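Q: Attaching a single structure in structure tokens format; questions to follow.
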Amino acid sequence: MSSRYEFMGKTSMGQFIPGETWFHARDARARLISVLVLFIGVLLTRLPLGLAFGLICVLGIYWLANLPLAPSLEGIRRSLPFILILAVLQIIFYTPGLNEPILFTIIGIEVTISVLVSAFMLVFRFVVLIFLINALILSISTAQITAALFHLLKPFERFGFPVNDLTMVIQITLRYLPLIAQIAEKIAKAQASRGGDWEQKGFNPIRQAKRVLPLIVPIIINSLKRAETMATAMESRGFNASEKRSSYYSLQFKFVDGLLIIGSTLLSTAIALYGRLF
Amino acid sequence: MTPYIEIKDLHYRPDTLPPEKSDILDGISFNIDEGQFIAIIGENGSGKTTLIKHINGLLLPTQGYVKVEGLDTRNQQNKRKLRSLVGMVFQNPADQIVASTLEEDVAFGLENLNMPTSEMRKSVSEHLRMVGLLQAANRPAHLLSGGEMQKLALAGVLAREPKVILFDEPTSMLDPATRLALLQQIRDLRKRGLTIIYITHHMEEAVFADQVIILRGGKIVEKDKPEKIFKNTALLYENGLEIPETVFLANHFRTLGWKIPESVLTPDDLIAHLPLYKGTQAAENKKHLNNITRKIIEAKDLHYTYLEDTPFSKSALQGATVNFSNQQIHGLAGTNGSGKSTLLQHFNGILRPIKGELRVDDLQLHNPETPLINVIKKVGLVFQNPETQFFEVFVGDEIAYGPKQFKMDALRERVGAAMAMVGLDFEGYKDRRLETLSGGEKRKVALASTLVLDQKILLFDEPTAGMDPRSREDLLKLFISLNNSGKTIIIATHRLEELAQISHSLSIMQAGKIITSGETQTIFAEKEKINESGLLEPLTVQITRILCENGWPIILHHNITSDQLISALEVQTA
């Protein structure tokens, strides 16, 4: 039986798994751009079939990089209560077309087919996006992301763009996600050890949400405290955003990397326009 | 000649400090020569960390100055040079890891030096190898054990090739074997000519320094060679410190007429001077009183794996079997990562075994249907570093959280009584904000917030870590008084000398199993088991063992604390 306090195991956040697949060998910039391009495609598509095609493409990354599905599935299961709440809101506030037949009415809310489809699309889109983001996080280390962004943004430096600051902010944020999960785990355990309600029986999204809310303030306070210590540690190791820094990763953009970007752009376009073209 | 590090009339006062309080650093002046090893000791809150943060310019003096190699820390232009000259290792290993894998973390400090990539790669491997972490170079850093993280932090600092390294209680979270290894590494660095400035609560670590500084209330009370400082018992006690056990025993042995030189400071030195027995008496083995009481906890073949079914899964319990008697103090000893914390979290029901049987009082905890709330009514757990787990704003609310969950009556009285137990004044503290408390006070609040539930079984996970000697002693007394009032107490720790003082039984864990368990006295006779588990025999036990070998008619397992040994020897030499 797994523990209900292992927030870290249940998210894949910040949990890069080193690998030696074809996908891992690609230039970090190419991987980052491909995922970004697919992200846009999934975001823009209007039909369930487009999303389904998007899901296939995303799962393709899992196959290419030999990534486990379990952490992503767990991540989806965890966020499901919140996505469902959003879906309900969508049903409540959706304005159906004028001549649409009403399927049924609950507490004064008229439910039509288009309402249900839009709620379904919302849930489905979130699921695909979670898969996609997890694929990125599992297959690229934070330092590779930082290095990729650094090199991508470098040209803008001459216009006064704070590239060093920005990439460091991103690196620390990513480094922080597992830390936050650890803080949440500790506080939840402390509450449970003193009689707090952390037992879960069955599926009860409201109770689950109610339980998570009291964690938020202590997590923020704790994270800020740790951020301060970490900032001190970084400073003492010579970090200064205004000075020139080198990078552990020297990136080399090859022909296949270009192909990866072209391929994902084509797929993304197909996802976004699915139903309009076919 | 100008000194290597020069600190002159240093005052520090943050803007937020209320006017009635005196400066955090209050006129500190001293010099350090190149290549010296300086230890700084003093109570919690005496200004030790604030002081060393001035040496690499993380903090700047409000008055006075600090110069390293002639570079004034107040001059912004010296900052970059200073950071390369002076490296710092912090107390909490987890807080200093910046990147997600080990190699990237070591590289972080080199990127800041703008080192070319190829050179950086070489340096990263070289320094990871130096601390023994090269094989793990691309593992995620946040899944390392505390000891490994501290080694990684050291590698990250060493890679920048500093000339001075500041250590802020680097061993307080490490088990004895890891701690000795780190200490040895630090002494090697000193031999290579690095200047070391080292903060510690453990006097036996400070004896290796060239100079020891005692700090109190932001002022230097004394600065001298260790052999002078640790002779002065009165001075140490006045400042909330203790004399190293070696010196304590050496002093007593001299009163027995033994010839122990005044210069003896380290255990090895003392052991080399122990005399042979020349009398004629034989040892007399007293029988133990074996009070068999009811077993209140019975664990059989417990298994537990963290992050099961993920790439990061880690097996923490691998068939742990152990029993604990009612109303006694039990020690659970083991190195970092041996499974102590996981086992404790099974005893209060937060974790449930994947395999095996566990009975706590009348509850079957291997049955997942046993509600947690029923376990919590009987078992309280104080986590490691509990002050990082606060979730309320005010002291009173934090302590009252538990009783409120159980809808207990007489809330004020309960909270007041729990606070009195740990020595906090109810009226004075209940409305204080938690973040305004000192480290020691926070620890007390954390203890009170568990004691307030008045459970019959109390579990403590590394309760004395990071405490100064006086607070440590107070806590041990609290354990005894709780036990006298009928509580069963289990203390997980890697400090065997504390368990020797107070525990009735002792169990030793290694790699998720209990490798031996029994009366505390008998376990201390099992030298191999203790060494095998990576723990360290308390000094007194080592000395008693050698005295036995030297023919002294004393019994090892009757003499595991210094008081016991001294009185036994007094009888022999009377």
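Ordered as shown in the structure tokens, chains take letters A, B, and onward, while each chain numbers its residues from 1 and ligands are numbered from 1 in the order shown.
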Using DSSP secondary structure from the backbone, list all helix (DSSP H, G or I) positions within region 369-550 of chain B, as an MDAnalysis selection string.

A: chainID B and resid 372:378 386:389 395:405 411:422 426:429 434:436 439:451 469:484 496:502 520:523 527:532 539:549

Q: Give me the chain A side of the contact with chain B, cut-off 7 Å, one line per residue showing its nearest atom pair and distance in Å at one decimal, counting only C-alpha atoms, sorted by chain and residue number, as a tab-separated table.

A:
residue	atom	partner	partner_atom	distance
A:Met1	CA	B:Ile354	CA	5.5
A:Ser2	CA	B:Glu308	CA	6.7
A:Ser3	CA	B:Leu351	CA	6.1
A:Gly9	CA	B:Leu307	CA	5.1
A:Pro18	CA	B:Asn138	CA	7.0
A:Ser141	CA	B:Ser100	CA	6.8
A:Thr142	CA	B:Ser100	CA	6.2
A:Ala143	CA	B:Ala99	CA	6.7
A:Ile172	CA	B:Val98	CA	6.9
A:Arg175	CA	B:Ser100	CA	6.0
A:Lys186	CA	B:Gln389	CA	6.3
A:Ile187	CA	B:Gln389	CA	5.1
A:Ala190	CA	B:Gln389	CA	6.5
A:Ser193	CA	B:Ile376	CA	6.1
A:Arg194	CA	B:Gly402	CA	4.7
A:Gly195	CA	B:Gln405	CA	5.6
A:Gly196	CA	B:Gln405	CA	6.2
A:Pro218	CA	B:Phe391	CA	5.0
A:Arg226	CA	B:Asp95	CA	6.6
A:Thr229	CA	B:Asp95	CA	6.2
A:Met230	CA	B:Asp95	CA	5.4
A:Ala233	CA	B:Gln96	CA	5.3
A:Ser236	CA	B:Arg83	CA	6.1
A:Arg237	CA	B:Gly109	CA	5.3
A:Gly238	CA	B:Arg83	CA	5.4
A:Phe239	CA	B:Asn112	CA	5.4
A:Lys244	CA	B:Asn114	CA	6.3
A:Arg245	CA	B:Asn114	CA	4.5
A:Ser246	CA	B:Asn114	CA	4.4
A:Ser247	CA	B:Glu111	CA	5.6
A:Tyr248	CA	B:Thr117	CA	5.4
A:Tyr249	CA	B:Thr117	CA	6.8
A:Ser250	CA	B:Thr117	CA	6.5

Q: Sorted by chain and rising residue number, list the residues of region 127-234 of chain A at most 8 Å from region 39-58 of chain A (counting only C-alpha atoms), each with its closest atom pair and distance in Å to one decimal, as JSON lines.

A:
{"residue": "A:Val128", "atom": "CA", "partner": "A:Leu55", "partner_atom": "CA", "distance": 5.6}
{"residue": "A:Leu129", "atom": "CA", "partner": "A:Phe39", "partner_atom": "CA", "distance": 6.9}
{"residue": "A:Phe131", "atom": "CA", "partner": "A:Val58", "partner_atom": "CA", "distance": 7.0}
{"residue": "A:Leu132", "atom": "CA", "partner": "A:Val58", "partner_atom": "CA", "distance": 5.8}
{"residue": "A:Ala135", "atom": "CA", "partner": "A:Val58", "partner_atom": "CA", "distance": 7.8}

Q: Restricting the output to C-alpha atoms, write the selected residues as a short mmCIF file (atom, residue, chain, number, x, y, z; two decimals), in the first residue's frame.

A:
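Result went into out39.cif, see below:
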data_model
loop_
_atom_site.label_atom_id
_atom_site.label_comp_id
_atom_site.auth_asym_id
_atom_site.auth_seq_id
_atom_site.Cartn_x
_atom_site.Cartn_y
_atom_site.Cartn_z
CA VAL A 128 -3.41 15.81 -22.56
CA LEU A 129 -1.57 18.89 -21.31
CA PHE A 131 0.78 14.25 -20.08
CA LEU A 132 2.72 16.64 -22.26
CA ALA A 135 6.88 14.23 -20.66
#

Q: May I ask which of the residues A:Ile262, A:Leu251, A:Ile109, A:Ile180 is the closest one to Ile221 (chain A), counting only C-alpha atoms?

A: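 For Ile221 (chain A), the nearest of the given residues is A:Ile180.
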
Q: Write out as an NGL selection string each polymer residue whose atoms come within 10 Å of region 104-108 of chain A, counting only C-alpha atoms; drop sequence neighbours fewer than 4 positions from it.

A: :A and (92 or 112-113)

Q: Mind listing the strand (DSSP E or B) residues of region 74-177 of chain A, per DSSP on the backbone, as a ChimeraX atom specification?

A: /A:102-106,109-112

Q: Kindly give the distance, in Å, that separates CA of His11 (chain B) and CA of Leu85 (chain B), rounded to a single decimal.

A: 22.8 Å

Q: If we count only C-alpha atoms and set the cut-off at 10 Å, which residues sit around Lys456 (chain B), ignoring sequence neighbours fewer than 6 positions away in its own chain? Please answer as a list in words.

A: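 Final neighbour list, sorted by chain and number: Asn326, Gln327, Asp361, Lys377, Lys378, Val379, Gly380, Leu482, Asn483, Ser485, Gly486, Lys487, Thr488 and Ile489 of chain B.
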
Q: Of the residues B:Leu180, B:Leu249, B:Met130, B:Ile52, which is the one nearest to Ile196 (chain B), using only C-alpha atoms?

A: B:Ile52

Q: Would you kindly return, as a ChimeraX atom specification, each protein, DNA or RNA residue with an atom no farther than 10 Å from any atom of region 291-302 of chain B, considering only C-alpha atoms and excluding same-chain residues fewer than 2 positions away?

A: /B:288-289,304,316-328,343,346-347,352-366,457,488,512-514

Q: Please compute the CA of Ile145 (chain A)-CA of Lys254 (chain A) distance, one decimal, in Å.

A: 17.6 Å

Q: Restricting the calculation to only C-alpha atoms: of A:Val212, A:Ile170, A:Leu224, A:Ser264, which residue gets closest to Tyr5 (chain A)?

A: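 Of A:Val212, A:Ile170, A:Leu224, A:Ser264, the one nearest Tyr5 (chain A), counting only C-alpha atoms, is A:Val212.
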